[in-house]
Amino acid sequence: MKKKHLQRLDLIFKNEHDIEAILEKTLKRGNDEIINDLISSGLKGRGGAGFPTGLKWKLASEEQTDEKYVICNADEGEPGTFKDREILQSVPHKVLSGMAVCARIIGAKKGYIYLRGEYLFLKPQLLEVIDEFHSTLDKMGLDFRVEIFLGSGAYICGEESALFESMEGKRGEPRNKPPFPTVQGYKSKPTVINNVETLAHTYSIFKYGPDKFKDLGIQDSRGSKVFSVSGDTPIPGIYELEFGMSVQRFVDDFGDGDAKAVQVGGASGFCVPRKRFDKTVIGYQGKLRGTSLPTGGSMMIFNSSRSMYNVLHNYLDFFVEESCGQCTPCRVGTQQLLLGIEAVKKGDQPSSYLDRLMDLAEGMRVTAKCGLGQSVANSFSSIVENFKEEMIY
Amino acid sequence: MTEVKQLVKGLADQYGRNEECLLPILQGIVTSEQHISEDAMVEVARELNISAAQVYGTATFYSFLHTKPLGKYVIRVCKTITCMMHGKNQIIKELESLLKVNLGETTHDGKFTLMETNCLGQCHKGPAMLINDKPYTDLTPEKVREIVMMYRNKELRSN
Amino acid sequence: MAEKINLKIDNIAVNIDEGSTILEAARKINIRIPTLCHHEDLCVAGNCRVCMVEQVDSDRLLPSCAMPVSEGMEILTNSLKVRSARKQVVELLVSEHRADCTRCYKNGKCELQELSSEYIVGENGFIDLVPLKNYSIDNFSPSIIKDDSKCIRCQRCVRTCNQLQNIGALSVAYKGEHMKVSSFYEKPMYEVVCTNCGQCINRCPTGALTEKTYFDEVWSALNSEKKHVVVQTAPAVRIALGEALGMPAGEIVTGKLVSALRRLGFNSVLDTDFTADLTIIEEGNELLQRLKKALVDGDTSVKLPMTTSCSPGWVKFIEHAFPEYLENVSTAKSPQQMFGALAKTFYAKKIGVEPENMVSISVMPCTAKKYEADRPEMRSSGYKDVDYVLTTRELALMIKQAGIDFASLPDDEYDSIMGESSGAAVIFGATGGVMEAALRTAYEVVTGREVPFENLNITPVRGMEDVKEATIKIENVLPEWSFLEGAELKTCVAHGLSNAKKVMEAVKAGTAEYHFIEIMACPGGCLGGGGQPIPTSPAIRKKRSEAIYREDALKPIRKSHENPEVVHIYEEFLKEPLGKKSHELLHTHYTERNRY
């Protein structure tokens with residue numbers, strides 16, 4: 001077996017036996033101290049958008065009201081992403097303790113795990129863990145309860161404001177922003193909503209301090225990241241790796257030797273062609289804008305036997321179905337992109353129509369109401385630009 | 001009181017009668033009936049004091065909240081890219097011939113409905129499917145035959 | 001006072017209250033930003049994405065209707081980026097819209113069409129999605145046609161139906177490509193809780209929601225020599241028709257309206273205001289009778305509060321939503337239906353026309369009136385009492401079709417008998433008007449004196465407040481009304497069905513004690529009806545309302561019971577209020593309907 005470049009880390013999945021003790025220790029510290037640790041650790045949201053977690057908690061803590069909420073976003077629906085399921089299955093205590101600390105800091109008494117309907121099978125086991133966790137909280141004197149709210153099959157509910165709408169018994173349609181969740185979230189109350197992995201990371205930061213986390217990764221992308229690896233790879237699965245690796249290194253370790261493209265960040269992410277493997281690193285954009293790709297952790301590898309037209313078609317099919325449908329660019333734009341590439345492929349439209357579709361996708365990036373519609377352009381433009389001939393012939 | 005009235009009332013007693021309880025109640029109906037009938041929606045509207053159109057609008061938004069009758073076992077095969085790359089179409093074909101239905105249809109005995117769904121979060125073990133809420137992964141045509149056989153036997157035993 | 005925010009739009013400095021949107025700030029300095037999903041009467045949606053503007057030094061565009069202003073903001077409303085984004089959004093909307101504009105009822109009045117022409121959409125459009133969809137037209141309702149193929153999903157109708165009106169007949173269903181505006185289970189509108197109020201039509205930017213039209217039927221009646229065509233015009237038509245014919249809002253065009261109807265060939269041009277006065281007599285007496293039964297006879301079966309019954313949207317609403325209160329609704333028919341019943345009996349006999357040869361037309365600010373005329377109980381004459389109901393909009397169209405230059409028409413007067421009216425009838429068109437008219441008469445009946453308000457203007461029940469309350473103390477009554485001596489008559493006025501719902505819920509909860517409630521289904525009353533000229537806004541409704549009260553003030557007769565034709569019809573035909581004839585022709589009953 002060839003030598004691996006990337007070292008597998010074990011921060012998240014390490015089975016720790018001191019979760020209760022760490023929680024107790026953390027709860028004894030001051031709110032500002034904990035928030036400062038989170039901020040200096042550089043932890044950013046692991047759902048993909050990358051908002052600094054410490055800042056989010058701080059903002060919510062500054063709101064003056066009695067009713068606040070902590071929500072764990074476990075509506076993991078991005079194609080090619082399955083890490084949150086694994087985290088909830090193997091280390092749910094870490095997630096719960098992150099929620100509890102957040103609740104203490106912002107002053108929330110109620111927390112929810114919004115679990116996607118596809119993960120219903122996790123519920124019985126999670127409920128047991130939650131029950132147990134509640135008795136721990138009682139012992140520590142923290143007035144906080146966690147419930148599971150089950151989704152029912154809607155990708156868009158992973159968008160935080162759509163998730164609130166869904167919990168309020170409505171269609172999962174994203175809201176206008178502002179106001180942001182830390183001001184008006186669930187039931188219009190200040191809400192911290194964090195991805196499963198983000199919450200799990202807070203445990204490591206509470207335990208080991210911010211430096212250990214910060215020492216991992218590069219520049220604006222600190223710490224480790226859990227990757228969901230699938231596609232043309234001999235070793236699909238879940239891997240915790242350091243932030244900032246190049247796609248080339250990733251492909252060296254995980255590819256089947258014939259990788260022609262890697263889709264980073266799922267259907268709403270970017271397609272990196274072979275020629276850009278070594279120029280692209282995985283991490284939040286910032287100083288590395290243009291060459292750094294943010295991701296919720298989905299890494300799909302395609303080898304040269306795959307048609308990138310089929311890949312794009314599959315993504316667009318997905319968006320056409322999963323758009324909430326309320327805003328024009330996303331509802332109609334996704335349909336036009338899908339029909340458009342079909343028409344070009346069939347010869348019903350000239351190949352120049354692809355340029356018009358690229359304009360459309362870029363237009364959607366600036367006009368769509370939420371991240372779903374805005375990010376369709378990511379996969380569309382990066383695939384069409386790099387595999388134009390596959391779109392036509 | 002009709003059966004569906006009873007069911008909805010029970011769910012409303014359990015979860016509550018404000019709008020935040022709508023999804024759990026609809027999910028509860030699906031758990032026991034596999035779909036949400038017109039009568040059930042009217043009852044939900046009554047219990048929660050919201051319009052029936054709102055209940056319909058919410059229910060139709062979510063892929064798992066069906067408004068048309070489905071079989072006792074709903075098979076949802078993941079159609080997202082990696083499952084597709086690993087032979088999802090073969091699995092569908094196998095299921096279609098095993099169950100003698102096309103995609104989207106329910107078997108004559110009302111036991112199985114075959115459908116596709118978006119990413120199940122099992123991409124490293126594709127092809128994958130759910131039968132009701134239970135996931136099955138690393139599917140092959142042989143494995144699918146065994147699984148369906150198992151459900152059929154279970155049905156035979158329960159009769 | 002709100003904090004002020006300073007920003008720049010297209011390099012022009014604006015100073016505006018904190019919490020305002022960019023759109024409001026732009027309008028303040030007369031910069032027009034196109035909108036589709038935005039409507040002044042509705043909450044912000046931010047979903048059409050036509051009103052996008054650019055913030056300097058930011059990648060993303062902002063929806064100006066939803067984005068609050070912030071200090072130091074620099075906004076561009078006409079940059080290259082903005083124009084191309086807007087054009088793209090319009091192109092996308094056109095691609096899912098059945099754009100057969102020349103065949104569309106809204107041709108020339110469609111907001112999408114206007115934007116398409118502004119942005120020259122047409123060449124290089126996107127793929128037409130309409131043939132790929134399984135669109136259907138719901139034209140089963142006598143009032144409303146819903147054509148999904150023309151819907152652009154702006155959800156104005158959904159917000160109208162759920163927030164403004166709180167009816168809940170429309171909702172958004174499905175998601176993604178299948179997302180659509182739908183009734184419960186996609187049933188036809190006439191099978192669901194729709195009240196036919198038509199407020200959704202007033203706010204639909206395209207031809208997806210329109211009224212069912214009957215002008216072809218009316219034209220053929222007018223062209224038939226055998227038929228005697230009678231027309232009645234509702235109070236609120238005369239203060240709004242002008243808007244649909246190029247005149248500013250708030251013009252009183254009563255005289256021109258009568259002229260135009262004569263020119264169109266109507267044989268008798270009569271006035272619904274006459275039966276509005278009659279309604280006051282019947283309804284006012286009904287109220288006094290209910291009070292007497294309750295207070296003197298101790299009859300516990302008498303239902304109070306009594307509510308008005310002239311608004312067919314309200315009547316259908318209560319039949320669906322509060323069927324347990326149907327006996328509280330006055331049994332008096334609406335002025336339209338009183339008129340219809342009298343036209344084919346009393347009036348037909350008077351002018352010597354066989355009722356089967358009479359065609360009875362009404363011009364209404366309302367779409368629910370079409371449904372009302374179709375009710376099976378509305379055949380007291382032995383025929384359909386009102387054959388066809390035209391909206392203000394349809395009449396405007398007929399006037400255009402006939403080549404009549406409306407603005408230059410001379411004023412004319414209604415035909416006599418069933419053409420005379422008081423100021424009290426005119427104000428039926430505004431919220432609070434029926435209450436004021438009823439009080440002007442009832443107070444005088446009971447006390448022998450005029451209502452104690454300056455110039456008979458009962459100001460507490462006027463205006464656009466959601467719910468108005470007024471208590472009238474009754475003193476020094478005439479001997480036969482001695483049981484009312486010292487009584488306080490508690491009244492309530494609500495307009496718009498969401499306000500109606502609030503009032504009824506308070507009544508139901510026992511937290512509101514009223515004797516008499518006026519409810520109009522539409523915001524502002526009939527002047528804001530679903531059949532009135534489009535657009536509508538609070539400002540437009542205010543102008544219409546001012547016109548109505550102007551018209552009232554100008555009338556020589558201000559009280560229903562002083563309308564000489566009303567006095568005459570009782571003497572000659574009806575004999576007495578609530579009498580046998582009245583019960584045959586002027587009163588009705590109601591039906592419980594499905595709650596959901």
# chains A, B, ... in the order shown; residues from 1 in each chain; ligands from 1

call {"tool": "interface_residues", "arguments": {"of": "chain C", "to": "chain B", "cutoff": "9 Å", "atoms": "only C-alpha atoms", "output": "VMD selection string"}}
result
chain C and resid 162 167 to 176 179 181 to 186 595 to 596

call {"tool": "closest_atom_pairs", "arguments": {"of": "chain A", "to": "chain B", "cutoff": "8 Å", "atoms": "only C-alpha atoms", "output": "CSV"}}
result
residue,atom,partner,partner_atom,distance
A:Glu76,CA,B:Gly121,CA,7.4
A:Gly77,CA,B:Cys119,CA,6.5
A:Glu78,CA,B:Cys119,CA,7.3
A:Pro79,CA,B:Cys119,CA,5.3
A:Gly80,CA,B:Cys123,CA,5.6
A:Thr81,CA,B:Gly121,CA,5.9
A:Phe82,CA,B:Gly121,CA,4.6
A:Arg85,CA,B:Gly121,CA,7.6
A:Gly117,CA,B:Phe64,CA,7.6
A:Glu118,CA,B:Leu120,CA,6.0
A:Tyr119,CA,B:Asp133,CA,7.6
A:Leu120,CA,B:Asp133,CA,6.0
A:Phe121,CA,B:Asp133,CA,5.9
A:Phe149,CA,B:Pro24,CA,7.9
A:Leu150,CA,B:Pro24,CA,7.4
A:Ser152,CA,B:Phe64,CA,5.1
A:Gly153,CA,B:Ser63,CA,4.9
A:Ala154,CA,B:Tyr62,CA,5.6
A:Ser166,CA,B:Leu23,CA,7.6
A:Met167,CA,B:Glu20,CA,5.8
A:Glu168,CA,B:Glu20,CA,4.3
A:Gly169,CA,B:Glu20,CA,4.8
A:Lys170,CA,B:Thr58,CA,5.6
A:Arg171,CA,B:Thr58,CA,4.9
A:Gly172,CA,B:Phe61,CA,7.5
A:Ser228,CA,B:His124,CA,7.8
A:Val229,CA,B:His124,CA,6.7
A:Ser230,CA,B:His124,CA,5.0
A:Gly231,CA,B:Thr82,CA,5.4
A:Pro236,CA,B:His124,CA,4.9
A:Gly237,CA,B:His124,CA,5.3
A:Met300,CA,B:Thr82,CA,7.7
A:Val311,CA,B:Ile81,CA,6.5
A:Asn314,CA,B:Ile81,CA,6.1
A:Tyr315,CA,B:Ile81,CA,7.5
A:Phe318,CA,B:Asn118,CA,7.0
A:Cys324,CA,B:Phe61,CA,7.9

call {"tool": "closest_residue", "arguments": {"among": "A:Cys72, A:Leu312, A:Leu122, A:Leu241", "to": "Asn195 in chain A", "atoms": "only C-alpha atoms"}}
result
A:Cys72

call {"tool": "residues_around", "arguments": {"residues": "range 338-351 of chain C", "least_positions_apart": "3", "cutoff": "6 Å", "atoms": "only C-alpha atoms", "output": "PyMOL selection string"}}
result
chain C and resi 275+333+335+355+380-381+385-386+585-586

call {"tool": "closest_atom_pairs", "arguments": {"of": "chain C", "to": "chain A", "cutoff": "6 Å", "atoms": "only C-alpha atoms", "output": "CSV"}}
result
residue,atom,partner,partner_atom,distance
C:Asn47,CA,A:Cys327,CA,4.3
C:Cys48,CA,A:Thr328,CA,5.3
C:Arg60,CA,A:Val366,CA,4.5
C:Leu61,CA,A:Val366,CA,5.4
C:Ala85,CA,A:Gly363,CA,6.0
C:Leu92,CA,A:Val332,CA,6.0
C:Lys175,CA,A:Cys324,CA,4.9
C:Gly176,CA,A:Gly325,CA,4.3
C:Glu177,CA,A:Val320,CA,5.8
C:Met179,CA,A:Gly325,CA,5.6

call {"tool": "closest_residue", "arguments": {"among": "C:Gly352, C:Gly524, C:Pro577, C:Pro410", "to": "Ala430 in chain C", "atoms": "only C-alpha atoms"}}
result
C:Gly524

call {"tool": "residues_around", "arguments": {"residues": "range 457-472 of chain C", "least_positions_apart": "6", "cutoff": "6 Å", "atoms": "only C-alpha atoms", "output": "list in words"}}
result
Gly432, Glu488, Leu489, Lys490, Thr491, Cys492, Val493 and Ala494 of chain C

call {"tool": "write_last_selection", "arguments": {"atoms": "N, CA and C atoms", "output": "tab-separated table (two decimals), in the first residue's frame"}}
result
chain	number	residue	atom	x	y	z
C	432	GLY	N	-68.59	51.31	7.80
C	432	GLY	CA	-69.28	52.15	8.78
C	432	GLY	C	-70.52	52.80	8.22
C	488	GLU	N	-78.21	51.94	26.24
C	488	GLU	CA	-77.03	52.27	25.44
C	488	GLU	C	-76.91	51.25	24.33
C	489	LEU	N	-77.03	51.72	23.11
C	489	LEU	CA	-76.92	50.82	21.96
C	489	LEU	C	-75.44	50.67	21.62
C	490	LYS	N	-74.96	49.45	21.78
C	490	LYS	CA	-73.52	49.22	21.53
C	490	LYS	C	-73.33	48.68	20.13
C	491	THR	N	-72.54	49.41	19.37
C	491	THR	CA	-72.34	49.00	17.98
C	491	THR	C	-70.86	48.77	17.70
C	492	CYS	N	-70.65	48.02	16.64
C	492	CYS	CA	-69.28	47.70	16.25
C	492	CYS	C	-69.23	47.64	14.73
C	493	VAL	N	-68.15	48.12	14.19
C	493	VAL	CA	-67.99	48.12	12.73
C	493	VAL	C	-66.64	47.49	12.39
C	494	ALA	N	-66.65	46.51	11.51
C	494	ALA	CA	-65.39	45.90	11.10
C	494	ALA	C	-65.37	45.77	9.58

call {"tool": "atom_distance", "arguments": {"atom1": "CA of Val353 in chain C", "atom2": "CA of Arg379 in chain C"}}
result
17.8 Å

call {"tool": "select_by_dssp", "arguments": {"residues": "range 63-177 of chain A", "states": "strand (DSSP E or B)", "output": "PyMOL selection string"}}
result
chain A and resi 69-74+110-115+145-150

call {"tool": "write_last_selection", "arguments": {"atoms": "N, CA, C and O atoms", "output": "CSV table (one decimal), in the first residue's frame"}}
result
chain,number,residue,atom,x,y,z
A,69,TYR,N,-33.3,29.8,22.2
A,69,TYR,CA,-33.2,28.4,21.9
A,69,TYR,C,-31.8,28.0,21.3
A,69,TYR,O,-31.1,28.9,20.8
A,70,VAL,N,-31.4,26.8,21.6
A,70,VAL,CA,-30.2,26.2,21.0
A,70,VAL,C,-30.7,25.1,20.1
A,70,VAL,O,-31.4,24.2,20.5
A,71,ILE,N,-30.3,25.2,18.8
A,71,ILE,CA,-30.7,24.1,17.9
A,71,ILE,C,-29.5,23.5,17.2
A,71,ILE,O,-28.6,24.1,16.8
A,72,CYS,N,-29.5,22.2,17.2
A,72,CYS,CA,-28.5,21.4,16.5
A,72,CYS,C,-29.1,21.0,15.2
A,72,CYS,O,-30.1,20.3,15.1
A,73,ASN,N,-28.4,21.5,14.2
A,73,ASN,CA,-28.9,21.2,12.8
A,73,ASN,C,-28.3,19.9,12.3
A,73,ASN,O,-27.2,19.7,11.9
A,74,ALA,N,-29.2,18.9,12.4
A,74,ALA,CA,-28.9,17.5,11.9
A,74,ALA,C,-29.7,17.2,10.7
A,74,ALA,O,-30.2,16.1,10.6
A,110,LYS,N,-34.2,25.5,26.4
A,110,LYS,CA,-34.7,24.5,25.6
A,110,LYS,C,-33.8,24.4,24.3
A,110,LYS,O,-33.4,25.4,23.7
A,111,GLY,N,-33.5,23.1,24.0
A,111,GLY,CA,-32.8,22.9,22.8
A,111,GLY,C,-33.4,21.8,21.9
A,111,GLY,O,-34.2,21.0,22.4
A,112,TYR,N,-33.2,21.9,20.7
A,112,TYR,CA,-33.7,20.8,19.8
A,112,TYR,C,-32.6,20.3,18.9
A,112,TYR,O,-31.7,21.0,18.5
A,113,ILE,N,-32.8,19.0,18.6
A,113,ILE,CA,-32.0,18.5,17.5
A,113,ILE,C,-32.9,18.3,16.3
A,113,ILE,O,-33.9,17.5,16.4
A,114,TYR,N,-32.7,19.0,15.2
A,114,TYR,CA,-33.6,18.8,14.1
A,114,TYR,C,-32.9,17.7,13.2
A,114,TYR,O,-31.9,17.9,12.5
A,115,LEU,N,-33.5,16.6,13.4
A,115,LEU,CA,-33.0,15.3,12.7
A,115,LEU,C,-33.7,15.1,11.4
A,115,LEU,O,-35.0,15.0,11.4
A,145,ARG,N,-33.2,21.4,28.6
A,145,ARG,CA,-33.8,20.2,28.0
A,145,ARG,C,-33.6,20.1,26.5
A,145,ARG,O,-33.8,21.1,25.9
A,146,VAL,N,-33.3,18.9,26.0
A,146,VAL,CA,-33.2,18.8,24.6
A,146,VAL,C,-34.3,17.8,24.1
A,146,VAL,O,-34.5,16.8,24.7
A,147,GLU,N,-34.9,18.3,22.9
A,147,GLU,CA,-35.8,17.4,22.3
A,147,GLU,C,-35.4,17.1,20.9
A,147,GLU,O,-34.6,17.9,20.3
A,148,ILE,N,-35.9,16.0,20.3
A,148,ILE,CA,-35.6,15.8,18.9
A,148,ILE,C,-36.8,16.3,18.1
A,148,ILE,O,-38.0,16.0,18.4
A,149,PHE,N,-36.6,17.1,17.1
A,149,PHE,CA,-37.6,17.4,16.1
A,149,PHE,C,-37.3,16.8,14.8
A,149,PHE,O,-36.2,16.9,14.3
A,150,LEU,N,-38.2,16.0,14.3
A,150,LEU,CA,-37.9,15.2,13.1
A,150,LEU,C,-38.3,15.9,11.8
A,150,LEU,O,-39.4,16.5,11.7

call {"tool": "atom_distance", "arguments": {"atom1": "CA of Gln219 in chain A", "atom2": "CA of Val272 in chain A"}}
result
21.2 Å

call {"tool": "atom_distance", "arguments": {"atom1": "CA of Ser141 in chain C", "atom2": "CA of Lys212 in chain C"}}
result
7.8 Å

call {"tool": "residues_around", "arguments": {"residues": "Trp219 in chain C", "least_positions_apart": "4", "cutoff": "12 Å", "atoms": "only C-alpha atoms", "output": "short mmCIF file (atom, residue, chain, number, x, y, z; two decimals) with N, CA, C and O atoms, in the first residue's frame"}}
result
data_model
loop_
_atom_site.label_atom_id
_atom_site.label_comp_id
_atom_site.auth_asym_id
_atom_site.auth_seq_id
_atom_site.Cartn_x
_atom_site.Cartn_y
_atom_site.Cartn_z
N THR C 213 -66.47 36.78 -16.13
CA THR C 213 -67.13 37.92 -16.75
C THR C 213 -68.46 37.52 -17.37
O THR C 213 -68.65 36.37 -17.78
N TYR C 214 -69.37 38.49 -17.41
CA TYR C 214 -70.70 38.23 -17.96
C TYR C 214 -71.09 39.30 -18.97
O TYR C 214 -72.26 39.43 -19.32
N PHE C 215 -70.09 40.10 -19.44
CA PHE C 215 -70.52 41.20 -20.32
C PHE C 215 -71.02 40.70 -21.68
O PHE C 215 -71.86 41.35 -22.29
N ASN C 223 -78.89 43.63 -26.93
CA ASN C 223 -79.16 43.61 -28.36
C ASN C 223 -80.43 42.85 -28.72
O ASN C 223 -80.78 42.77 -29.88
N SER C 224 -81.08 42.29 -27.70
CA SER C 224 -82.29 41.54 -27.98
C SER C 224 -83.50 42.46 -27.86
O SER C 224 -83.71 43.10 -26.83
N GLU C 225 -84.29 42.51 -28.87
CA GLU C 225 -85.41 43.45 -28.86
C GLU C 225 -86.50 43.04 -27.91
O GLU C 225 -87.24 43.86 -27.39
N LYS C 227 -86.20 41.83 -25.04
CA LYS C 227 -85.85 41.94 -23.63
C LYS C 227 -85.88 43.38 -23.14
O LYS C 227 -85.42 44.30 -23.82
N VAL C 229 -84.13 45.43 -20.44
CA VAL C 229 -82.96 45.26 -19.59
C VAL C 229 -82.91 46.35 -18.52
O VAL C 229 -82.85 47.54 -18.82
N LEU C 261 -74.72 54.30 -19.14
CA LEU C 261 -75.61 53.12 -19.13
C LEU C 261 -76.74 53.30 -20.14
O LEU C 261 -77.12 52.37 -20.85
N LEU C 264 -75.38 52.71 -23.51
CA LEU C 264 -75.14 51.29 -23.78
C LEU C 264 -76.44 50.58 -24.15
O LEU C 264 -76.41 49.50 -24.72
N GLY C 265 -77.56 51.19 -23.82
CA GLY C 265 -78.83 50.64 -24.25
C GLY C 265 -79.67 50.01 -23.15
O GLY C 265 -80.63 49.30 -23.44
N PHE C 266 -79.31 50.26 -21.90
CA PHE C 266 -80.15 49.72 -20.83
C PHE C 266 -81.50 50.44 -20.85
O PHE C 266 -81.57 51.66 -21.01
N VAL C 359 -84.59 41.40 -18.16
CA VAL C 359 -83.26 40.94 -17.77
C VAL C 359 -82.74 41.91 -16.72
O VAL C 359 -82.72 43.12 -16.95
N ILE C 361 -79.86 43.30 -14.44
CA ILE C 361 -78.39 43.38 -14.38
C ILE C 361 -78.01 44.25 -13.18
O ILE C 361 -78.69 45.24 -12.90
N TYR C 388 -77.51 38.85 -14.21
CA TYR C 388 -76.07 38.95 -14.37
C TYR C 388 -75.50 40.07 -13.51
O TYR C 388 -76.09 41.14 -13.42
N LEU C 390 -72.26 42.48 -13.07
CA LEU C 390 -71.01 42.99 -13.65
C LEU C 390 -70.21 43.69 -12.56
O LEU C 390 -70.77 44.33 -11.69
N GLU C 394 -65.78 45.38 -15.33
CA GLU C 394 -66.44 44.92 -16.55
C GLU C 394 -67.23 46.04 -17.21
O GLU C 394 -67.25 46.16 -18.43
N LEU C 395 -67.89 46.85 -16.38
CA LEU C 395 -68.66 47.95 -16.96
C LEU C 395 -67.72 48.92 -17.68
O LEU C 395 -68.03 49.37 -18.78
N LEU C 397 -65.03 48.25 -19.13
CA LEU C 397 -64.65 47.62 -20.39
C LEU C 397 -65.77 47.77 -21.42
O LEU C 397 -65.51 48.08 -22.60
N MET C 398 -67.01 47.58 -20.99
CA MET C 398 -68.14 47.73 -21.92
C MET C 398 -68.23 49.16 -22.44
O MET C 398 -68.53 49.38 -23.62
N ILE C 399 -67.95 50.11 -21.56
CA ILE C 399 -67.99 51.52 -21.97
C ILE C 399 -66.92 51.77 -23.03
O ILE C 399 -67.16 52.44 -24.04
N GLN C 401 -65.63 49.41 -25.01
CA GLN C 401 -66.04 48.67 -26.22
C GLN C 401 -67.05 49.48 -27.02
O GLN C 401 -67.06 49.45 -28.25
N ALA C 402 -67.91 50.20 -26.32
CA ALA C 402 -68.96 50.95 -27.01
C ALA C 402 -68.44 52.26 -27.60
O ALA C 402 -69.19 53.00 -28.24
#

call {"tool": "residues_around", "arguments": {"residues": "range 267-269 of chain C", "least_positions_apart": "5", "cutoff": "8 Å", "atoms": "only C-alpha atoms", "output": "list of chain:residue names"}}
result
C:His228, C:Val229, C:Val230, C:Val231, C:Gln232, C:Val258, C:Leu261, C:Arg262, C:Tyr414, C:Asp415, C:Gly419

call {"tool": "select_by_dssp", "arguments": {"residues": "range 12-100 of chain A", "states": "alpha helix (DSSP H)", "output": "mmCIF file with C-alpha atoms, in the first residue's frame"}}
result
data_model
loop_
_atom_site.group_PDB
_atom_site.id
_atom_site.type_symbol
_atom_site.label_atom_id
_atom_site.label_comp_id
_atom_site.auth_asym_id
_atom_site.auth_seq_id
_atom_site.Cartn_x
_atom_site.Cartn_y
_atom_site.Cartn_z
ATOM 1 C CA ILE A 19 -17.431 14.182 28.874
ATOM 2 C CA GLU A 20 -19.339 14.756 32.100
ATOM 3 C CA ALA A 21 -16.274 16.038 33.891
ATOM 4 C CA ILE A 22 -15.345 18.374 31.049
ATOM 5 C CA LEU A 23 -18.881 19.678 30.926
ATOM 6 C CA GLU A 24 -18.885 20.289 34.655
ATOM 7 C CA LYS A 25 -15.527 22.016 34.469
ATOM 8 C CA THR A 26 -16.628 24.176 31.555
ATOM 9 C CA LEU A 27 -19.869 25.195 33.185
ATOM 10 C CA ASN A 31 -19.430 33.004 29.783
ATOM 11 C CA ASP A 32 -16.927 35.481 28.398
ATOM 12 C CA GLU A 33 -14.062 33.140 29.040
ATOM 13 C CA ILE A 34 -15.723 30.318 27.113
ATOM 14 C CA ILE A 35 -16.737 32.585 24.256
ATOM 15 C CA ASN A 36 -13.211 33.970 24.048
ATOM 16 C CA ASP A 37 -11.822 30.461 23.864
ATOM 17 C CA LEU A 38 -14.178 29.615 21.044
ATOM 18 C CA ILE A 39 -13.328 32.777 19.186
ATOM 19 C CA SER A 40 -9.594 32.335 19.555
ATOM 20 C CA SER A 41 -9.814 28.683 18.530
ATOM 21 C CA THR A 53 -19.097 29.889 16.249
ATOM 22 C CA GLY A 54 -17.909 31.939 19.214
ATOM 23 C CA LEU A 55 -19.254 35.109 17.652
ATOM 24 C CA LYS A 56 -22.619 33.473 17.004
ATOM 25 C CA TRP A 57 -22.937 32.487 20.670
ATOM 26 C CA LYS A 58 -21.819 35.923 21.754
ATOM 27 C CA LEU A 59 -24.404 37.667 19.597
ATOM 28 C CA ALA A 60 -27.195 35.490 20.941
ATOM 29 C CA SER A 61 -26.013 36.009 24.511
ATOM 30 C CA LYS A 83 -20.620 12.663 8.668
ATOM 31 C CA ASP A 84 -23.267 14.094 11.000
ATOM 32 C CA ARG A 85 -25.063 10.775 11.063
ATOM 33 C CA GLU A 86 -21.854 9.110 12.134
ATOM 34 C CA ILE A 87 -21.161 11.739 14.807
ATOM 35 C CA LEU A 88 -24.660 11.390 16.223
ATOM 36 C CA GLN A 89 -24.268 7.645 16.239
ATOM 37 C CA SER A 90 -20.873 7.433 17.851
ATOM 38 C CA PRO A 92 -23.734 12.184 20.631
ATOM 39 C CA HIS A 93 -22.589 13.215 24.133
ATOM 40 C CA LYS A 94 -20.140 15.670 22.698
ATOM 41 C CA VAL A 95 -22.872 17.302 20.651
ATOM 42 C CA LEU A 96 -25.192 17.486 23.626
ATOM 43 C CA SER A 97 -22.575 18.974 25.891
ATOM 44 C CA GLY A 98 -21.866 21.638 23.278
ATOM 45 C CA MET A 99 -25.567 22.456 23.239
ATOM 46 C CA ALA A 100 -25.701 22.606 27.031
#
